[in-house]
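Printed here is query34.txt (compact mmCIF, C-alpha atoms):
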# COMPACT_ATOMS: atom_id res chain seq x y z
CA MET A 1 -78.55 36.22 30.45
CA THR A 2 -76.21 36.16 27.56
CA THR A 3 -73.57 33.50 26.97
CA THR A 4 -70.33 34.09 25.18
CA VAL A 5 -69.18 31.63 22.62
CA PRO A 6 -65.41 31.19 22.55
CA GLU A 7 -63.85 32.27 19.31
CA VAL A 8 -62.37 29.42 17.36
CA ARG A 9 -59.42 30.19 15.17
CA GLU A 10 -58.70 27.92 12.26
CA SER A 11 -55.11 26.98 11.93
CA ALA A 12 -53.51 27.04 8.54
CA PRO A 13 -53.26 23.61 6.99
CA THR A 14 -49.82 22.13 7.18
CA SER A 15 -48.40 19.86 4.56
CA GLY A 16 -46.73 16.58 5.41
CA LYS A 17 -43.42 17.68 3.87
CA PRO A 18 -40.76 18.66 6.39
CA ARG A 19 -39.67 22.24 6.31
CA ARG A 20 -36.19 22.99 5.15
CA VAL A 21 -34.13 25.00 7.54
CA ARG A 22 -31.73 27.27 5.79
CA ARG A 23 -28.47 27.68 7.50
CA GLY A 24 -26.35 30.68 6.81
CA GLY A 25 -22.68 30.72 6.09
CA GLY A 26 -22.74 28.02 3.40
CA VAL A 27 -20.47 29.92 1.03
CA MET A 28 -18.12 30.92 3.81
CA SER A 29 -17.85 27.38 5.13
CA SER A 30 -17.13 26.04 1.64
CA THR A 31 -14.49 28.72 1.11
CA GLY A 32 -12.87 27.89 4.43
CA LEU A 33 -12.88 24.21 3.55
CA TYR A 34 -11.17 24.88 0.23
CA ILE A 35 -8.58 27.08 1.91
CA ALA A 36 -7.85 24.47 4.57
CA THR A 37 -7.57 21.75 1.93
CA GLY A 38 -5.24 23.90 -0.16
CA VAL A 39 -3.00 24.64 2.80
CA ALA A 40 -2.88 20.94 3.74
CA ALA A 41 -2.03 19.99 0.15
CA LEU A 42 0.72 22.62 0.07
CA LEU A 43 2.24 21.31 3.29
CA PHE A 44 2.05 17.78 1.92
CA LEU A 45 3.88 18.78 -1.27
CA ILE A 46 6.74 20.62 0.49
CA PRO A 47 8.84 17.45 1.03
CA PHE A 48 8.45 16.54 -2.66
CA TYR A 49 9.57 20.03 -3.65
CA VAL A 50 12.66 19.71 -1.44
CA LEU A 51 13.34 16.28 -2.92
CA VAL A 52 13.21 17.46 -6.53
CA ARG A 53 15.07 20.70 -5.75
CA ASN A 54 17.97 18.86 -4.09
CA ALA A 55 18.02 16.17 -6.77
CA LEU A 56 18.80 18.84 -9.36
CA SER A 57 21.39 20.68 -7.23
CA THR A 58 25.01 20.26 -6.30
CA ASP A 59 26.18 19.09 -2.90
CA ALA A 60 27.41 22.61 -2.15
CA GLU A 61 23.95 24.10 -2.74
CA ILE A 62 22.26 21.37 -0.71
CA THR A 63 24.45 21.86 2.35
CA GLY A 64 25.13 25.58 1.92
CA GLU A 65 23.98 28.20 4.40
CA ASN A 66 22.21 30.39 1.83
CA TRP A 67 19.08 28.49 0.88
CA LYS A 68 17.58 29.24 -2.52
CA ILE A 69 14.14 28.27 -3.72
CA PHE A 70 15.56 27.03 -7.01
CA PRO A 71 19.13 25.92 -7.69
CA THR A 72 21.37 28.42 -9.45
CA ASP A 73 22.18 25.96 -12.20
CA ILE A 74 19.90 22.94 -12.67
CA GLN A 75 22.06 19.84 -12.71
CA TRP A 76 20.39 17.57 -15.26
CA GLY A 77 23.63 15.62 -15.36
CA ASN A 78 22.72 14.09 -12.00
CA VAL A 79 20.34 11.78 -13.84
CA SER A 80 23.03 10.36 -16.11
CA GLU A 81 25.48 10.20 -13.21
CA LEU A 82 22.99 8.12 -11.26
CA PHE A 83 22.68 5.47 -13.97
CA THR A 84 26.33 5.46 -15.05
CA ASP A 85 27.82 5.08 -11.57
CA GLU A 86 29.79 1.82 -11.68
CA THR A 87 29.89 1.37 -7.91
CA VAL A 88 26.09 1.28 -7.59
CA PRO A 89 24.14 -0.53 -10.36
CA PHE A 90 21.00 1.55 -9.91
CA ALA A 91 19.27 0.41 -13.11
CA GLN A 92 19.73 -3.23 -12.06
CA SER A 93 18.42 -2.32 -8.61
CA LEU A 94 15.26 -0.86 -10.13
CA TRP A 95 14.72 -4.05 -12.10
CA ASN A 96 15.32 -6.22 -9.03
CA SER A 97 12.83 -4.19 -7.00
CA ALA A 98 10.23 -4.44 -9.75
CA VAL A 99 10.63 -8.22 -9.99
CA VAL A 100 10.68 -8.76 -6.22
CA ALA A 101 7.73 -6.45 -5.51
CA THR A 102 5.61 -7.88 -8.34
CA LEU A 103 6.21 -11.55 -7.55
CA HIS A 104 5.87 -10.83 -3.84
CA THR A 105 2.50 -9.18 -4.45
CA VAL A 106 1.20 -12.03 -6.62
CA GLY A 107 2.39 -14.66 -4.17
CA VAL A 108 0.99 -12.94 -1.09
CA LEU A 109 -2.41 -12.41 -2.73
CA LEU A 110 -2.61 -16.05 -3.83
CA VAL A 111 -1.42 -17.63 -0.57
CA CYS A 112 -3.24 -15.30 1.84
CA SER A 113 -6.49 -15.22 -0.13
CA LEU A 114 -6.62 -19.02 -0.25
CA ALA A 115 -5.83 -19.22 3.47
CA GLY A 116 -8.42 -16.58 4.30
CA TYR A 117 -11.07 -18.25 2.14
CA GLY A 118 -10.39 -21.62 3.73
CA LEU A 119 -10.69 -20.20 7.24
CA ALA A 120 -13.91 -18.37 6.35
CA ARG A 121 -15.76 -20.96 4.29
CA ILE A 122 -14.40 -24.50 4.64
CA PRO A 123 -15.94 -26.22 7.71
CA TYR A 124 -13.17 -27.58 9.87
CA ARG A 125 -13.19 -28.47 13.54
CA HIS A 126 -9.94 -26.69 14.30
CA ALA A 127 -10.52 -23.68 12.04
CA ASN A 128 -10.72 -21.24 14.95
CA LYS A 129 -7.54 -22.63 16.49
CA VAL A 130 -5.69 -22.19 13.21
CA PHE A 131 -7.06 -18.67 12.91
CA TYR A 132 -5.87 -17.78 16.42
CA ALA A 133 -2.47 -19.26 15.58
CA VAL A 134 -2.29 -16.99 12.53
CA LEU A 135 -3.16 -14.01 14.71
CA GLY A 136 -0.48 -15.11 17.13
CA THR A 137 2.16 -14.67 14.46
CA LEU A 138 1.36 -10.96 14.50
CA MET A 139 2.52 -10.78 18.12
CA VAL A 140 5.96 -12.25 17.36
CA PRO A 141 8.63 -9.58 16.69
CA THR A 142 10.39 -9.84 13.35
CA ALA A 143 13.77 -9.94 15.07
CA VAL A 144 12.88 -13.27 16.69
CA THR A 145 12.43 -15.08 13.36
CA PHE A 146 15.08 -13.17 11.42
CA VAL A 147 18.08 -15.35 12.31
CA PRO A 148 16.30 -18.74 11.87
CA SER A 149 14.95 -17.57 8.52
CA PHE A 150 18.40 -16.52 7.36
CA VAL A 151 19.93 -19.85 8.46
CA LEU A 152 17.23 -21.74 6.55
CA VAL A 153 17.61 -19.66 3.40
CA SER A 154 21.38 -19.92 3.55
CA SER A 155 21.27 -23.71 3.95
CA LEU A 156 19.07 -23.93 0.85
CA GLY A 157 21.59 -21.89 -1.15
CA TRP A 158 19.14 -19.07 -1.83
CA VAL A 159 21.46 -16.18 -0.91
CA ASP A 160 21.74 -13.62 -3.75
CA THR A 161 18.79 -15.22 -5.55
CA TYR A 162 15.21 -14.13 -6.23
CA ARG A 163 14.00 -17.19 -4.31
CA GLY A 164 15.68 -16.01 -1.15
CA LEU A 165 14.36 -12.49 -1.60
CA ILE A 166 10.74 -13.45 -2.31
CA ILE A 167 9.70 -16.85 -0.91
CA PRO A 168 10.27 -16.22 2.85
CA GLY A 169 7.82 -13.30 2.77
CA LEU A 170 5.00 -14.90 0.81
CA PHE A 171 2.76 -15.31 3.86
CA SER A 172 1.43 -12.38 5.87
CA GLY A 173 -0.70 -13.00 8.92
CA PHE A 174 -2.29 -9.57 8.73
CA THR A 175 -3.21 -9.94 5.05
CA CYS A 176 -4.66 -13.39 5.78
CA PHE A 177 -6.74 -11.86 8.58
CA LEU A 178 -8.09 -9.14 6.23
CA PHE A 179 -9.02 -11.70 3.58
CA ARG A 180 -10.82 -13.86 6.13
CA GLN A 181 -12.82 -10.91 7.39
CA TYR A 182 -13.75 -9.93 3.85
CA PHE A 183 -14.81 -13.43 2.84
CA LEU A 184 -17.00 -13.71 5.94
CA GLY A 185 -19.07 -10.88 4.52
CA PHE A 186 -19.11 -12.21 0.96
CA PRO A 187 -22.64 -13.26 -0.16
CA LYS A 188 -23.01 -16.99 0.38
CA GLU A 189 -25.83 -17.17 -2.18
CA LEU A 190 -23.35 -16.78 -5.02
CA GLU A 191 -21.23 -19.66 -3.75
CA GLU A 192 -24.29 -21.86 -3.19
CA ALA A 193 -25.37 -21.22 -6.77
CA ALA A 194 -21.89 -22.21 -7.93
CA ARG A 195 -22.05 -25.46 -5.97
CA MET A 196 -25.42 -26.25 -7.51
CA ASP A 197 -23.65 -26.03 -10.86
CA GLY A 198 -21.16 -28.64 -9.69
CA LEU A 199 -18.27 -26.45 -8.58
CA GLY A 200 -16.25 -27.27 -5.49
CA TYR A 201 -14.51 -24.92 -3.11
CA TRP A 202 -11.70 -24.21 -5.57
CA GLY A 203 -14.11 -23.63 -8.46
CA ALA A 204 -16.30 -21.33 -6.38
CA TYR A 205 -13.25 -19.42 -5.21
CA TRP A 206 -11.66 -19.00 -8.63
CA ARG A 207 -14.76 -18.50 -10.80
CA VAL A 208 -17.14 -16.68 -8.44
CA VAL A 209 -15.38 -15.16 -5.44
CA VAL A 210 -12.29 -13.72 -7.14
CA PRO A 211 -14.10 -12.03 -10.09
CA ASN A 212 -16.53 -10.40 -7.66
CA SER A 213 -13.79 -9.26 -5.27
CA LEU A 214 -11.47 -7.39 -7.62
CA ASN A 215 -11.81 -4.13 -5.65
CA PHE A 216 -10.55 -5.76 -2.49
CA PHE A 217 -7.81 -7.64 -4.32
CA ALA A 218 -6.66 -4.39 -5.94
CA ALA A 219 -6.52 -2.68 -2.54
CA MET A 220 -4.45 -5.50 -1.05
CA ALA A 221 -2.24 -5.55 -4.14
CA THR A 222 -1.48 -1.85 -3.79
CA ILE A 223 -0.56 -2.12 -0.12
CA THR A 224 1.49 -5.29 -0.65
CA PHE A 225 3.37 -3.85 -3.63
CA ILE A 226 4.30 -0.70 -1.71
CA ASN A 227 5.51 -2.77 1.25
CA GLY A 228 7.51 -5.05 -1.06
CA TRP A 229 9.08 -2.09 -2.86
CA ASN A 230 10.07 -0.39 0.42
CA ALA A 231 11.40 -3.53 2.13
CA PHE A 232 15.00 -3.13 3.27
CA LEU A 233 16.44 -5.23 6.10
CA TRP A 234 15.77 -8.73 4.77
CA LEU A 235 16.80 -7.74 1.24
CA LEU A 236 19.99 -6.16 2.59
CA VAL A 237 21.04 -9.40 4.30
CA ILE A 238 20.08 -11.81 1.50
CA GLY A 239 21.13 -9.60 -1.44
CA GLN A 240 24.81 -9.39 -0.60
CA ASP A 241 26.12 -9.08 -4.15
CA PRO A 242 25.54 -5.70 -5.88
CA SER A 243 23.83 -7.50 -8.79
CA SER A 244 21.04 -8.58 -6.43
CA TRP A 245 20.56 -5.22 -4.68
CA THR A 246 17.14 -3.62 -4.65
CA VAL A 247 16.40 0.10 -4.73
CA GLN A 248 16.39 0.56 -0.97
CA VAL A 249 19.72 -1.24 -0.60
CA ALA A 250 21.19 0.84 -3.43
CA LEU A 251 20.03 4.03 -1.70
CA SER A 252 21.81 3.04 1.50
CA SER A 253 25.09 2.58 -0.39
CA TYR A 254 25.32 6.32 -1.01
CA MET A 255 25.69 6.85 2.76
CA THR A 256 28.90 5.49 4.24
CA ASN A 257 31.06 6.29 7.24
CA GLN A 258 33.39 8.35 5.07
CA THR A 259 31.17 10.15 2.57
CA VAL A 260 27.55 11.05 1.86
CA VAL A 261 26.68 11.81 -1.76
CA PHE A 262 23.70 14.07 -1.22
CA HIS A 263 22.72 14.85 -4.81
CA LEU A 264 22.71 11.16 -5.78
CA ILE A 265 20.68 10.23 -2.71
CA PHE A 266 17.99 12.75 -3.57
CA MET A 267 18.02 11.88 -7.27
CA ALA A 268 17.82 8.15 -6.56
CA THR A 269 14.97 8.73 -4.12
CA ALA A 270 13.05 10.81 -6.64
CA VAL A 271 13.43 8.13 -9.30
CA SER A 272 12.58 5.28 -6.92
CA ILE A 273 9.23 6.76 -5.85
CA LEU A 274 7.94 7.21 -9.41
CA PRO A 275 6.74 3.57 -9.75
CA LEU A 276 4.87 3.87 -6.45
CA VAL A 277 3.20 7.08 -7.62
CA PHE A 278 2.06 5.43 -10.86
CA VAL A 279 0.75 2.36 -9.03
CA PHE A 280 -1.13 4.47 -6.51
CA LEU A 281 -2.66 6.75 -9.16
CA PHE A 282 -3.77 3.77 -11.23
CA LEU A 283 -5.29 1.81 -8.34
CA GLN A 284 -6.42 4.57 -5.97
CA ARG A 285 -10.13 4.12 -6.78
CA TRP A 286 -10.01 0.41 -6.04
CA LEU A 287 -7.81 1.07 -3.01
CA VAL A 288 -10.47 3.27 -1.35
CA GLN A 289 -13.28 0.86 -2.18
CA GLY A 290 -11.33 -2.15 -0.99
CA ILE A 291 -10.28 -0.60 2.31
CA ALA A 292 -13.92 0.35 2.97
CA GLN A 293 -14.83 -3.34 2.69
CA THR A 294 -12.30 -4.65 5.19
CA GLY A 295 -14.68 -4.11 8.09
CA ILE A 296 -17.49 -6.26 6.67
CA LYS A 297 -18.39 -9.10 8.98
CA GLY A 298 -20.68 -12.04 8.42
Structure re-expressed in structure tokens:
Amino acid sequence: MTTTVPEVRESAPTSGKPRRVRRGGGVMSSTGLYIATGVAALLFLIPFYVLVRNALSTDAEITGENWKIFPTDIQWGNVSELFTDETVPFAQSLWNSAVVATLHTVGVLLVCSLAGYGLARIPYRHANKVFYAVLGTLMVPTAVTFVPSFVLVSSLGWVDTYRGLIIPGLFSGFTCFLFRQYFLGFPKELEEAARMDGLGYWGAYWRVVVPNSLNFFAAMATITFINGWNAFLWLLVIGQDPSSWTVQVALSSYMTNQTVVFHLIFMATAVSILPLVFVFLFLQRWLVQGIAQTGIKG
């Protein structure tokens, strides 16, 4: 009687490295991504094209029925007309906006960062209650506090002054909240090392926390500066004299019930956004890094 021995097949040795799976369509997907990005960029730039085109045109070409890609005769004189108009001191408005936005940014960063650091690091029995009160200010509409703020500023004699334009907006509950959340995720070891060297809360904040948080500060500075530059309603009420107008108030003066000066509106808008473009281009790297850190929690 014969017995059959089952045939044993040796399997090929397999290495421990995972196999790479090649997926087709890599070039096509990259090409499609570039095309989609290009189309999105083109759509994003269309408003800026219209802005520059109308800024260098006459009112008749702006409101005419026959639209042209480029104006028939480029009106470079609109630039000089903008800055020589005696009814609207646009150059002074640019300076006022620069001063207000810069001082507003510095003040908000100082006040809100100190408040956020205190709520995050200084042990205090009522710290959570204070924090919830700060969050509560975000629920209050601006219209509710507008009239009391104006009465207070007017009683102090701050109408048509930089103090009235800047000081009432130096605290932001939302910015304070962002700083607190960031400082909760800041490494405590660095602050403990600073205290071992004899530094207090202020010394640790100024010498350790701030130098190691420049990305976040730059991000908050960019956002705050843009908000301060674009502010309108409060600056319109407090800056009643033309010498204290800011850019946004000056822009509104070209639109009245009787007339609308289109070419000056577009030219003034094009000039007014240039500082924001420069600030954003200079701080965009820190802006992205800082925004990415706002969600850090301790």
Show me, as a Markdown table, the residues of range 170-257 of chain A having an atom within 6 Å of range 265-286 of chain A, each with the closest atom pair and its distance in Å, using all atoms listed in the file.
| residue | atom | partner | partner_atom | distance |
| --- | --- | --- | --- | --- |
| A:Asn215 | CA | A:Trp286 | CA | 4.9 |
| A:Ala218 | CA | A:Trp286 | CA | 5.9 |
| A:Ala219 | CA | A:Trp286 | CA | 5.8 |
Subject >> Point (18.6, 13.6, -15.8), cut-off 12 Å, counting all atoms listed in the file, residues as a list in words >> reply: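 Nearby residues: Val52, Ala55, Leu56, Ser57, Ile74, Gln75, Trp76, Gly77, Asn78, Val79, Ser80, Glu81, Leu82, Phe83, Thr84, His263, Leu264, Met267, Ala268, Ala270 and Val271 of chain A.
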Original post:
In Å to one decimal, how far is CA of Pro123 in chain A from CA of Asn212 in chain A?
Top reply: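 Answer for the CA of Asn212 in chain A to CA of Pro123 in chain A separation: 22.1 Å.
Here the question is which of A:Leu45, A:Ser213, A:Leu138, A:Asp85 gets nearest to Ser172 in chain A using all atoms listed in the file, and that residue is A:Leu138.
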With a cut-off of 12 Å, could you pull out the residues of range 165-184 of chain A touching range 238-251 of chain A and give me the nearest pair of atoms for each, distance in Å to one decimal, using all atoms listed in the file, ordered by chain and ascending number, as CSV?
residue,atom,partner,partner_atom,distance
A:Leu165,CA,A:Ile238,CA,6.5
A:Ile166,CA,A:Ile238,CA,10.2
A:Ile167,CA,A:Ile238,CA,11.8
A:Pro168,CA,A:Ile238,CA,10.8
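Reported to one decimal place, the separation of CA of Gly116 in chain A from CA of Arg180 in chain A is 4.1 Å.
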**OP:** Go through A:Tyr162, A:Leu184, A:Ala231, A:Phe174 and flag the residue nearest Met139 in chain A, using all atoms listed in the file for the distances.
**Re:**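 That would be A:Phe174, the residue with the smallest distance to Met139 in chain A.
The gap separating CA of Arg163 in chain A from CA of Ser149 in chain A is 12.9 Å, in Å to one decimal.
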Original post:
Which residue gives the smallest distance to Asn230 in chain A among A:Phe48, A:Val159, A:Tyr117, A:Val100, with only C-alpha atoms counted?
Top reply: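 The shortest atom-to-atom distance to Asn230 in chain A comes from A:Val100.
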Could you give me, as CSV, every range 154-201 of chain A residue with an atom at most 10 Å from range 220-226 of chain A, plus its closest atom pair and distance in Å to one decimal, counting only C-alpha atoms, rows ordered by chain then number?
residue,atom,partner,partner_atom,distance
A:Ser172,CA,A:Thr224,CA,9.6
A:Thr175,CA,A:Met220,CA,7.6
A:Leu178,CA,A:Met220,CA,8.9
A:Phe179,CA,A:Met220,CA,9.0
**OP:** Skip Val210 in chain A itself and residues of its chain fewer than 6 positions away, then list as a VMD selection string all residues within 12 Å of it, counting only C-alpha atoms.
**Re:** chain A and resid 109 to 110 113 to 114 117 179 182 to 183 186 190 to 191 202 to 204 216 to 218
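Proximity to Phe146 in chain A was assessed for A:Ile69, A:Ala101, A:Leu235, A:Phe262 counting only C-alpha atoms; the smallest distance is recorded for A:Leu235.
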Subject >> Selected residue of minimal separation from Thr137 in chain A among A:Gly32, A:Gly38, A:Gly173, A:Gly228, counting only C-alpha atoms >> reply: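 Comparing A:Gly32, A:Gly38, A:Gly173, A:Gly228 against Thr137 in chain A, the winner is A:Gly173.
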Missing atoms in range 184-198 of chain A should be modelled up to N, CA, C and O atoms and reported as a compact mmCIF listing (two decimals), in the frame of the given file.
# COMPACT_ATOMS: atom_id res chain seq x y z
N LEU A 184 -15.87 -13.47 5.05
CA LEU A 184 -17.00 -13.71 5.94
C LEU A 184 -18.20 -12.88 5.55
O LEU A 184 -19.35 -13.28 5.77
N GLY A 185 -17.98 -11.73 4.96
CA GLY A 185 -19.07 -10.88 4.52
C GLY A 185 -19.44 -11.08 3.07
O GLY A 185 -20.34 -10.37 2.56
N PHE A 186 -18.78 -11.97 2.36
CA PHE A 186 -19.11 -12.21 0.96
C PHE A 186 -20.44 -12.96 0.88
O PHE A 186 -20.69 -13.88 1.65
N PRO A 187 -21.32 -12.60 -0.06
CA PRO A 187 -22.64 -13.26 -0.16
C PRO A 187 -22.52 -14.76 -0.39
O PRO A 187 -21.95 -15.21 -1.39
N LYS A 188 -23.08 -15.54 0.52
CA LYS A 188 -23.01 -16.99 0.38
C LYS A 188 -23.90 -17.51 -0.75
O LYS A 188 -23.69 -18.61 -1.25
N GLU A 189 -24.92 -16.72 -1.13
CA GLU A 189 -25.83 -17.17 -2.18
C GLU A 189 -25.10 -17.42 -3.49
O GLU A 189 -25.43 -18.35 -4.24
N LEU A 190 -24.11 -16.59 -3.78
CA LEU A 190 -23.35 -16.78 -5.02
C LEU A 190 -22.56 -18.09 -4.99
O LEU A 190 -22.50 -18.80 -6.00
N GLU A 191 -21.98 -18.41 -3.86
CA GLU A 191 -21.23 -19.66 -3.75
C GLU A 191 -22.16 -20.86 -3.77
O GLU A 191 -21.83 -21.91 -4.35
N GLU A 192 -23.33 -20.75 -3.15
CA GLU A 192 -24.29 -21.86 -3.19
C GLU A 192 -24.78 -22.12 -4.61
O GLU A 192 -24.96 -23.27 -5.02
N ALA A 193 -24.98 -21.04 -5.37
CA ALA A 193 -25.37 -21.22 -6.77
C ALA A 193 -24.26 -21.89 -7.56
O ALA A 193 -24.52 -22.72 -8.45
N ALA A 194 -23.01 -21.57 -7.23
CA ALA A 194 -21.89 -22.21 -7.93
C ALA A 194 -21.80 -23.69 -7.59
O ALA A 194 -21.50 -24.52 -8.47
N ARG A 195 -22.09 -24.05 -6.35
CA ARG A 195 -22.05 -25.46 -5.97
C ARG A 195 -23.20 -26.24 -6.62
O ARG A 195 -23.07 -27.42 -6.91
N MET A 196 -24.32 -25.59 -6.82
CA MET A 196 -25.42 -26.25 -7.51
C MET A 196 -25.05 -26.55 -8.96
O MET A 196 -25.58 -27.50 -9.57
N ASP A 197 -24.14 -25.77 -9.51
CA ASP A 197 -23.65 -26.03 -10.86
C ASP A 197 -22.52 -27.04 -10.90
O ASP A 197 -21.95 -27.31 -11.97
N GLY A 198 -22.16 -27.59 -9.74
CA GLY A 198 -21.16 -28.64 -9.69
C GLY A 198 -19.76 -28.18 -9.35
O GLY A 198 -18.81 -28.96 -9.44
